[in-house]
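I have placed the structure first, in the form of structure tokens, so that the comments after it can refer back to it.
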Amino acid sequence: MTFADLRQKLKSGEVSAKELVQEKISRINELDQTLNTFLTVNGHQALKIAEDIDNQRSSGNDLPSLAGIPLAIKDNLCTKGIKTTCASKILGNFVPPYESTVTKKLLNAGSIMIGKTNMDEFAMGSSTETSAFGPTLNPWNIRKVPGGSSGGSAASVAAELCYGSLGSDTGGSIRQPASFCGVVGMKPTYGRVSRWGLIAFASSLDQVGPFANNVSDVAEILQVISGKDEFDSTTVDRPVPNYLDILTKSIKGMKIGLIDNCFEHKGLSSDVKESVLSAASLLETLGVEIINISCPRFNDGIATYYVIAPSEASANLARYDGVKYGFRSEDEQTLIEMTSKSRALGFGSEVKRRILIGTYALSAGYVDAYYKKAQQVRTLIRKDFDDAFEKVDILLAPTSPTTAFGSGENIDNPMAMYLSDLLTIPANLAGLPAISLPCGFDKSGLPIGLQLIGNVFEEGKLLQVANQFERAAEVYKSRPKTDFTL
Ligand code: GLN
């Protein structure tokens, strides 16, 4: 069921917003003990808002586009009066005094915030296992990770605990979990969507974006959250096209570039490769022209990202000092001891690793050799993309080299964990929009994600191609069986 179908049912009175919320809450009660996709369930307030929307509807008011639709929000987006933890002990009791721009926009569009979703601590990770509040499990197979860092937002959509959600993507954290959980996830162009109220990880890379079970719902959420925001000076003042109108336009004659080097990577599973290549063939039958493109600097993405992202993180996370807000270790005698101990106890080990790497890369003796060099390579990666977009409309690659890996499999091997973002990171470094959507399943029945990358502000083209592919491939018709046995 799409938002458009839901809207119809709500309008005709076949179902009420209250019933939608009740249905999702009882599903959460039934399944989330096992999956752990939510850190906070906002049941009471959600029901009240739903009742209010139902009343407005019965008095004949014209309601906004998402009126009555229950959505979930990643727990690194500030929600006024509702605990926002970033899945960290250091923000374990943080209740924001203000609302993020994106959640405010979703509220104004009538959607109902049903809860805050689990994630890797401070969005650092690819498996939702670094959360201080326990891992999220993958609804397709609970012995597998849901991907990360927005694993809770992806898994809650896959398990139908909500109709859509928001995540954040710094190096792949929307697309990779979307791929592992068999849902659609999109990272917009840097500057398309406000970061005001998004708890900062790496500010030059972070973007907020939607998850849903189909492309048109992703388009609807993107429509609502996009646009210039006076509170975020990196947002761009540029009209937001009507994405739903673009969705159904023909893609005949469009040129799509297959990124050669993504398919040659030795860590790429054969099931993923086969499935993504056959997705490209299906697109060919819809009238697009497939062209091979080489982006040689793509392969330097991981090394570049793991200098830039930790550098920015080390600066952003300096604010958690036990003084202003968050966790404080109480027994220390001096300010320095208190701050050190609060950080030592409040942050988990992956977050500490990033702070150390970043502090090192920015230190006086190394800043030229590491940070500055990484920024130069970042420009070269962007140049590869610029060259590619001279020849094609959009680019195509797998989202992740593998399907969902086993719980615990990579947690003690940061290098293996980092490599799962090999194919998503370049779009972040270049600030480009990209979408992941299901294109098939591996031999064990786990979903595979197809990634489409566009030029700046070409979200419409991505949604258009993704929608046409989705309608032709019909992968979305398979759903996870949620009769979990541990
Ligand atoms: N997995 C990557 C990391 O750990 C990306 C995270 C993200 O996009 N937030 O940094």
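Here's how to read the names in the structure tokens: chain A, B, ... by the order shown, residue numbers from 1 in each chain, ligand numbers from 1 in the order shown.
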Residues at most 10 Å from Thr84 (chain A), counting only C-alpha atoms, excluding those fewer than 3 positions away in the same chain, as a list in words?
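Non-adjacent residues within range: Leu39, Thr40, Lys74, Asp75, Asn76, Leu77, Cys78, Thr79, Lys80, Gly81, Ala87, Ser88, Leu91, Gly92, Asn93, Phe94, Val95, Pro96, Lys116, Thr117 and Ile199 of chain A.
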All heavy atoms of the current selection, written as a compact mmCIF listing (two decimals), in the first residue's frame:
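The resulting file, again_32.txt, is reproduced below:
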# COMPACT_ATOMS: atom_id res chain seq x y z
N LEU A 39 13.99 2.86 19.92
CA LEU A 39 14.54 3.19 21.23
C LEU A 39 13.47 3.85 22.09
O LEU A 39 13.46 3.71 23.30
CB LEU A 39 15.75 4.13 21.08
CG LEU A 39 16.98 3.49 20.40
CD1 LEU A 39 18.09 4.51 20.26
CD2 LEU A 39 17.47 2.27 21.17
N THR A 40 12.57 4.60 21.44
CA THR A 40 11.44 5.22 22.14
C THR A 40 10.20 5.03 21.29
O THR A 40 10.24 5.27 20.08
CB THR A 40 11.68 6.75 22.29
OG1 THR A 40 12.89 6.94 23.01
CG2 THR A 40 10.54 7.43 23.03
N LYS A 74 14.85 8.58 13.00
CA LYS A 74 16.13 8.13 13.56
C LYS A 74 16.47 8.94 14.81
O LYS A 74 16.22 10.15 14.85
CB LYS A 74 17.22 8.29 12.50
CG LYS A 74 18.58 7.69 12.87
CD LYS A 74 19.57 7.83 11.71
CE LYS A 74 20.93 7.24 12.02
NZ LYS A 74 21.87 7.33 10.89
N ASP A 75 17.06 8.26 15.80
CA ASP A 75 17.23 8.93 17.09
C ASP A 75 18.41 9.91 17.13
O ASP A 75 18.87 10.27 18.21
CB ASP A 75 17.36 7.88 18.21
CG ASP A 75 16.83 8.41 19.53
OD1 ASP A 75 15.98 9.33 19.51
OD2 ASP A 75 17.26 7.92 20.60
N ASN A 76 18.87 10.37 15.96
CA ASN A 76 19.83 11.49 15.97
C ASN A 76 19.18 12.78 15.47
O ASN A 76 19.86 13.76 15.20
CB ASN A 76 21.10 11.16 15.15
CG ASN A 76 20.79 10.85 13.69
OD1 ASN A 76 19.64 10.71 13.30
ND2 ASN A 76 21.84 10.72 12.89
N LEU A 77 17.85 12.76 15.33
CA LEU A 77 17.12 13.98 14.94
C LEU A 77 16.39 14.50 16.17
O LEU A 77 15.60 13.76 16.80
CB LEU A 77 16.14 13.68 13.81
CG LEU A 77 16.82 13.52 12.45
CD1 LEU A 77 15.92 12.77 11.46
CD2 LEU A 77 17.22 14.88 11.86
N CYS A 78 16.64 15.76 16.51
CA CYS A 78 16.06 16.33 17.73
C CYS A 78 14.55 16.44 17.61
O CYS A 78 14.02 16.97 16.63
CB CYS A 78 16.65 17.70 18.01
SG CYS A 78 18.35 17.59 18.56
N THR A 79 13.86 15.93 18.63
CA THR A 79 12.41 16.02 18.70
C THR A 79 12.07 16.67 20.03
O THR A 79 12.45 16.15 21.08
CB THR A 79 11.79 14.61 18.60
OG1 THR A 79 12.58 13.70 19.37
CG2 THR A 79 11.75 14.12 17.16
N LYS A 80 11.41 17.79 19.97
CA LYS A 80 11.15 18.59 21.17
C LYS A 80 10.38 17.79 22.22
O LYS A 80 9.30 17.25 21.94
CB LYS A 80 10.34 19.84 20.77
CG LYS A 80 10.19 20.82 21.89
CD LYS A 80 9.51 22.09 21.40
CE LYS A 80 9.31 23.03 22.58
NZ LYS A 80 8.72 24.28 22.16
N GLY A 81 10.95 17.72 23.42
CA GLY A 81 10.26 17.04 24.52
C GLY A 81 10.32 15.53 24.46
O GLY A 81 9.78 14.84 25.33
N ALA A 87 21.70 6.95 20.25
CA ALA A 87 22.11 5.60 20.68
C ALA A 87 23.40 5.60 21.48
O ALA A 87 24.19 4.67 21.41
CB ALA A 87 22.19 4.64 19.48
N SER A 88 23.60 6.70 22.24
CA SER A 88 24.81 6.82 23.04
C SER A 88 24.47 7.00 24.51
O SER A 88 23.48 7.67 24.85
CB SER A 88 25.62 8.03 22.58
OG SER A 88 26.80 8.17 23.35
N LEU A 91 24.29 10.70 25.64
CA LEU A 91 23.04 11.47 25.47
C LEU A 91 21.83 10.66 25.96
O LEU A 91 20.69 10.93 25.56
CB LEU A 91 22.86 11.85 23.99
CG LEU A 91 23.74 13.00 23.46
CD1 LEU A 91 23.55 13.18 21.96
CD2 LEU A 91 23.44 14.30 24.19
N GLY A 92 22.11 9.69 26.83
CA GLY A 92 21.07 8.76 27.27
C GLY A 92 19.82 9.42 27.82
O GLY A 92 18.72 8.89 27.69
N ASN A 93 19.98 10.60 28.45
CA ASN A 93 18.82 11.28 29.04
C ASN A 93 18.54 12.62 28.39
O ASN A 93 17.88 13.47 28.98
CB ASN A 93 19.03 11.50 30.54
CG ASN A 93 18.99 10.18 31.28
OD1 ASN A 93 18.16 9.32 30.96
ND2 ASN A 93 19.90 9.99 32.21
N PHE A 94 19.02 12.81 27.18
CA PHE A 94 18.88 14.13 26.55
C PHE A 94 17.48 14.32 25.97
O PHE A 94 17.03 13.54 25.13
CB PHE A 94 19.93 14.29 25.44
CG PHE A 94 19.82 15.59 24.68
CD1 PHE A 94 19.86 16.81 25.33
CD2 PHE A 94 19.67 15.57 23.30
CE1 PHE A 94 19.75 18.01 24.62
CE2 PHE A 94 19.57 16.76 22.57
CZ PHE A 94 19.60 17.97 23.24
N VAL A 95 16.80 15.36 26.44
CA VAL A 95 15.48 15.71 25.89
C VAL A 95 15.62 17.08 25.23
O VAL A 95 15.81 18.08 25.90
CB VAL A 95 14.41 15.74 27.00
CG1 VAL A 95 13.06 16.15 26.41
CG2 VAL A 95 14.30 14.37 27.67
N PRO A 96 15.60 17.13 23.89
CA PRO A 96 15.86 18.39 23.19
C PRO A 96 14.79 19.45 23.49
O PRO A 96 13.60 19.13 23.57
CB PRO A 96 15.80 18.02 21.71
CG PRO A 96 15.95 16.54 21.66
CD PRO A 96 15.39 16.02 22.94
N LYS A 116 11.22 6.78 17.92
CA LYS A 116 12.59 7.09 17.53
C LYS A 116 13.36 5.79 17.36
O LYS A 116 13.28 4.89 18.20
CB LYS A 116 13.25 7.93 18.64
CG LYS A 116 12.53 9.22 19.01
CD LYS A 116 12.51 10.26 17.91
CE LYS A 116 13.86 10.82 17.52
NZ LYS A 116 14.45 11.77 18.46
N THR A 117 14.10 5.71 16.26
CA THR A 117 14.67 4.41 15.90
C THR A 117 16.14 4.25 16.31
O THR A 117 16.91 5.20 16.37
CB THR A 117 14.55 4.16 14.39
OG1 THR A 117 15.16 5.24 13.70
CG2 THR A 117 13.10 4.03 13.97
N ILE A 199 21.84 15.72 14.91
CA ILE A 199 23.04 15.72 15.75
C ILE A 199 24.25 15.42 14.86
O ILE A 199 24.30 14.40 14.20
CB ILE A 199 22.89 14.72 16.91
CG1 ILE A 199 21.75 15.18 17.83
CG2 ILE A 199 24.21 14.60 17.69
CD1 ILE A 199 21.39 14.22 18.93
Let me have all residues with an atom within 6 Å of ligand 1, counting only C-alpha atoms and all ligand atoms, laid out as a compact mmCIF listing (two decimals) with C-alpha atoms, in the first residue's frame.
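Result saved to selection-v3.txt:
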# COMPACT_ATOMS: atom_id res chain seq x y z
CA ALA A 123 25.76 7.13 13.31
CA MET A 124 29.22 5.53 13.27
CA GLY A 125 28.92 2.01 11.96
CA SER A 126 27.40 -0.20 9.30
CA SER A 149 23.90 3.25 10.87
CA ASP A 169 23.54 9.22 5.46
CA THR A 170 27.15 10.32 5.99
CA GLY A 171 28.85 7.49 4.12
CA GLY A 172 25.98 5.18 3.20
CA SER A 173 23.87 4.94 6.34
CA ASP A 421 30.41 1.25 2.52
So which residues touch Lys48 (chain A) within 12 Å, counting only C-alpha atoms, skipping near sequence neighbours fewer than 4 positions away, as a list in words?
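In the requested format, the answer is Ala17, Lys18, Glu19, Val21, Gln22, Asn42, Gly43, His44, Asp52, Ile53, Asp54, Asn55, Gly68, Ile112, Met113 and Ile114 of chain A.
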Since we have the selection now, will you write its residues out, keeping N, CA, C and O atoms, as an mmCIF file, in the first residue's frame?
data_model
loop_
_atom_site.group_PDB
_atom_site.id
_atom_site.type_symbol
_atom_site.label_atom_id
_atom_site.label_comp_id
_atom_site.auth_asym_id
_atom_site.auth_seq_id
_atom_site.Cartn_x
_atom_site.Cartn_y
_atom_site.Cartn_z
ATOM 1 N N ALA A 17 -7.018 7.517 11.184
ATOM 2 C CA ALA A 17 -5.615 7.674 11.577
ATOM 3 C C ALA A 17 -5.369 6.929 12.880
ATOM 4 O O ALA A 17 -4.324 6.303 13.073
ATOM 5 N N LYS A 18 -6.359 6.985 13.768
ATOM 6 C CA LYS A 18 -6.213 6.299 15.059
ATOM 7 C C LYS A 18 -6.010 4.794 14.844
ATOM 8 O O LYS A 18 -5.169 4.162 15.499
ATOM 9 N N GLU A 19 -6.782 4.237 13.925
ATOM 10 C CA GLU A 19 -6.631 2.791 13.657
ATOM 11 C C GLU A 19 -5.256 2.466 13.082
ATOM 12 O O GLU A 19 -4.658 1.438 13.422
ATOM 13 N N VAL A 21 -2.468 4.081 13.651
ATOM 14 C CA VAL A 21 -1.495 4.150 14.754
ATOM 15 C C VAL A 21 -1.642 2.924 15.658
ATOM 16 O O VAL A 21 -0.650 2.275 16.019
ATOM 17 N N GLN A 22 -2.876 2.581 15.988
ATOM 18 C CA GLN A 22 -3.098 1.409 16.860
ATOM 19 C C GLN A 22 -2.524 0.143 16.241
ATOM 20 O O GLN A 22 -1.885 -0.657 16.921
ATOM 21 N N ASN A 42 6.444 6.397 20.811
ATOM 22 C CA ASN A 42 5.725 7.615 21.167
ATOM 23 C C ASN A 42 4.214 7.357 21.131
ATOM 24 O O ASN A 42 3.445 8.166 20.628
ATOM 25 N N GLY A 43 3.795 6.199 21.669
ATOM 26 C CA GLY A 43 2.427 5.711 21.484
ATOM 27 C C GLY A 43 1.337 6.652 21.944
ATOM 28 O O GLY A 43 0.407 6.959 21.191
ATOM 29 N N HIS A 44 1.467 7.126 23.174
ATOM 30 C CA HIS A 44 0.420 7.944 23.773
ATOM 31 C C HIS A 44 0.171 9.207 22.942
ATOM 32 O O HIS A 44 -0.951 9.501 22.528
ATOM 33 N N ASP A 52 -6.874 13.806 16.885
ATOM 34 C CA ASP A 52 -7.055 15.188 16.461
ATOM 35 C C ASP A 52 -7.217 15.268 14.932
ATOM 36 O O ASP A 52 -8.095 15.976 14.420
ATOM 37 N N ILE A 53 -6.378 14.516 14.217
ATOM 38 C CA ILE A 53 -6.463 14.514 12.746
ATOM 39 C C ILE A 53 -7.818 13.950 12.293
ATOM 40 O O ILE A 53 -8.466 14.496 11.397
ATOM 41 N N ASP A 54 -8.254 12.875 12.957
ATOM 42 C CA ASP A 54 -9.556 12.288 12.594
ATOM 43 C C ASP A 54 -10.697 13.292 12.815
ATOM 44 O O ASP A 54 -11.608 13.392 11.989
ATOM 45 N N ASN A 55 -10.586 14.036 13.931
ATOM 46 C CA ASN A 55 -11.621 15.054 14.197
ATOM 47 C C ASN A 55 -11.635 16.139 13.131
ATOM 48 O O ASN A 55 -12.694 16.539 12.651
ATOM 49 N N GLY A 68 -2.147 11.783 8.986
ATOM 50 C CA GLY A 68 -2.562 10.503 9.572
ATOM 51 C C GLY A 68 -1.618 9.340 9.310
ATOM 52 O O GLY A 68 -1.893 8.219 9.734
ATOM 53 N N ILE A 112 2.427 11.323 11.572
ATOM 54 C CA ILE A 112 2.409 11.067 13.012
ATOM 55 C C ILE A 112 3.697 10.356 13.404
ATOM 56 O O ILE A 112 4.010 9.281 12.904
ATOM 57 N N MET A 113 4.452 10.988 14.315
ATOM 58 C CA MET A 113 5.743 10.424 14.723
ATOM 59 C C MET A 113 5.502 9.320 15.743
ATOM 60 O O MET A 113 5.137 9.579 16.874
ATOM 61 N N ILE A 114 5.730 8.088 15.294
ATOM 62 C CA ILE A 114 5.356 6.956 16.140
ATOM 63 C C ILE A 114 6.484 6.530 17.075
ATOM 64 O O ILE A 114 6.264 5.881 18.096
#
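Nearest to Ser65 (chain A) of all the residues A:Ser194, A:Ser100, A:Glu220, A:Thr85 is A:Glu220, counting only C-alpha atoms.
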Residue nearest Phe3 (chain A) among A:Ser340, A:Ser270, A:Thr334, A:Ser111 (counting only C-alpha atoms)
A:Ser111
